[in-house]
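Okay, structure first, notes after.
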Amino acid sequence: MRDAGWAGRGPLGEAALSAAMVMLALAAGFAVGFLVWAVLSLANGLVALLWDALGKRGGEGFATPWFPLVVCTLGGLVIGVWTHFPQGAPAPLETVMASFKKTGSYRVEGAERSVVGFLLPIVFGGSVGPEAGLTGLIASAYCRLRDLLKRAGLRAGAIGDATIAASVAAIFGTPLAGIVAGVESAPDEVPDPNEYELRRSAKTVLYFSAALAALGGASASSALFGGSGGLPRLAEPAPGAFDPIWFLPCIAFGYAFALVFEGSAALFSRLSRRAGDTAFAVIAKPTAAGFIMGGIAAILPNVLFSGEVQTHELVSDWSEAGAFVLLATGVLKLAITPMYLNMGWSGGHFFPCIYSGVSCGFGIALLAGVDLTFAAGVVTTSFIACTTRKPLFSAGILLLCFPLHGMLWCGLAAVIGSLLPLPRAWHAGSDAEEEIREL
């Protein structure tokens, strides 16, 4: 790998270089998987210490009903102070991927501050996912390693996208999401002439290797040291679960939930901009968001947290909640997540949105009398695809959530959902969209 021109010295040299790149992708993917497991285990341990040990969280809620109000408000205050002084908030997943694909690089200045900024919203119960901070930290670490290799005369630029693919695969617990995220490239992406150029088929091999190795690294770490990650797998649908009468209505529900999410994002983005960026506003915005979230969580505790662990709990304990509680929790979480993201609680939105889709799908299934897996699958995939506009990525994330023979109607729902229109004024209103356009 010392020089891209080395590959042109014959089939043997090209084969050796390709094998070396695959080995490097495997090693990088395994390391990413271990890192994702380690950081998520730390975050889950801190959450358990604060919410389970102190708050005594159980199946019936908290020992003190107003415990979430106090913790979330205090958490918002801490996040606001931390964000104002050291500037340690991580960037959204979309911003990290767009920056890397556009410029070929991504940097986090002050990694220690960014790690704390990543942990704070999760530990204090924020309805945000871990994918934003983790992907940014891993991408930044790769870029620093790549620069060190360049100084030694080694070129490993092609491993960059593979590292992103490995991060997504390890976080979501499914390799297909990482492969699709890596293969997708920006239309105006200009290759770096200083890097070793790979054909699309060769890149796909690297993404596949890195994604599988990352999943293996996370799984091996979990098996050896405990802990778990990724999304749960829903039960097999009943024979004849596909109900054509309810297929389009479930897509319509998914679309309605997408409108709730995008409308909330546009509303709180405007409110955040109007509040400004003064020292008082930077501290007051996340504090107010925490107060609102804590008040709702005192009545509906499952609006808290990213939704990864809660989706596991929902799949096993859905019968203990009524249809209206499931719907209310899912819809409120959809509206609250954009509030958090626009009011200073940095993080990702995929895990909260997946939990919301499954919760609402279960509620609709109970009211309509249709199969739970069918309703949850169609509602969730159509909703996620509508907000991301990426049906393959949406299906890739949810691949391990839903049975394979149910992915046909889920895939069709994802395609239809990605084509449904969203108001431009809403979709272009978020801070994340502004950051991506500026890259």
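Going through the structure tokens in order, the chains are called A, B, and so on, while each chain numbers its residues from 1 and the ligands are numbered from 1 in the order shown.
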**Polymer residues at most 8 Å from region 328-336 of chain A, only C-alpha atoms, same-chain spacing of 5 or more positions, as a list in words** =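 My list of contacting residues is Ser127, Phe257, Val260, Phe261, Ser264, Ala265, Met293, Leu300, Asn302, Val303, Pro352, Cys353, Tyr355, Ser356, Gly357, Val358, Ser359 and Cys360 of chain A.
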**Message:** Could you list, as a list in words, every residue within 7 Å of region 65-76 of chain A, counting only C-alpha atoms and ignoring same-chain residues fewer than 3 positions away?
**Reply:**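 Answer for this query is Gly55, Phe62, Ile79, Gly80, Phe124, Gly125, Pro286, Thr287, Ala289, Gly290, Phe291, Met293, Gly294, Gly295, Ala297 and Ala298 of chain A.
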**One-decimal distance in Å that lies between CA of Leu77 (chain A) and CA of Ile283 (chain A)** = 6.1 Å
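Ranking A:Thr311, A:Cys250, A:Gly344, A:Ser394 by their shortest atom-to-atom distance to Gly117 (chain A), with only C-alpha atoms included, puts A:Gly344 first.
Excluding Pro249 (chain A) and any residue on its chain fewer than 2 positions from it, the residues at most 12 Å away by only C-alpha atoms are Asp243, Pro244, Ile245, Trp246, Phe247, Ile251, Ala252, Phe253, Gly254, Tyr255, Ala256, Gly361, Ile364, Ala365, Ala368, Val370, Ala375, Val378, Val379, Ser382 and Ala413 of chain A.
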**Prompt:** Do you have the CA of Val47 (chain A)-CA of Val123 (chain A) distance handy?
**Reply:**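 So the answer is 4.9 Å.
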**Item:** Interatomic distance, CA of Ala376 (chain A) to CA of Glu308 (chain A) (Å, one decimal)
**Value:** 15.5 Å
**Prompt:** Near Ser272 (chain A), within 8 Å and counting only C-alpha atoms, which residues show up once chain neighbours fewer than 2 positions away are dropped, as a list of chain:residue names?
**Reply:** A:Phe268, A:Ser269, A:Arg270, A:Arg274, A:Ala275, A:Gly276, A:Lys285, A:Asn342, A:Met343
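Among the candidate residues A:Ala258, A:Val205, A:Leu234, A:Leu341, the one lying nearest to Gly417 (chain A) is A:Ala258, with distances computed using only C-alpha atoms.
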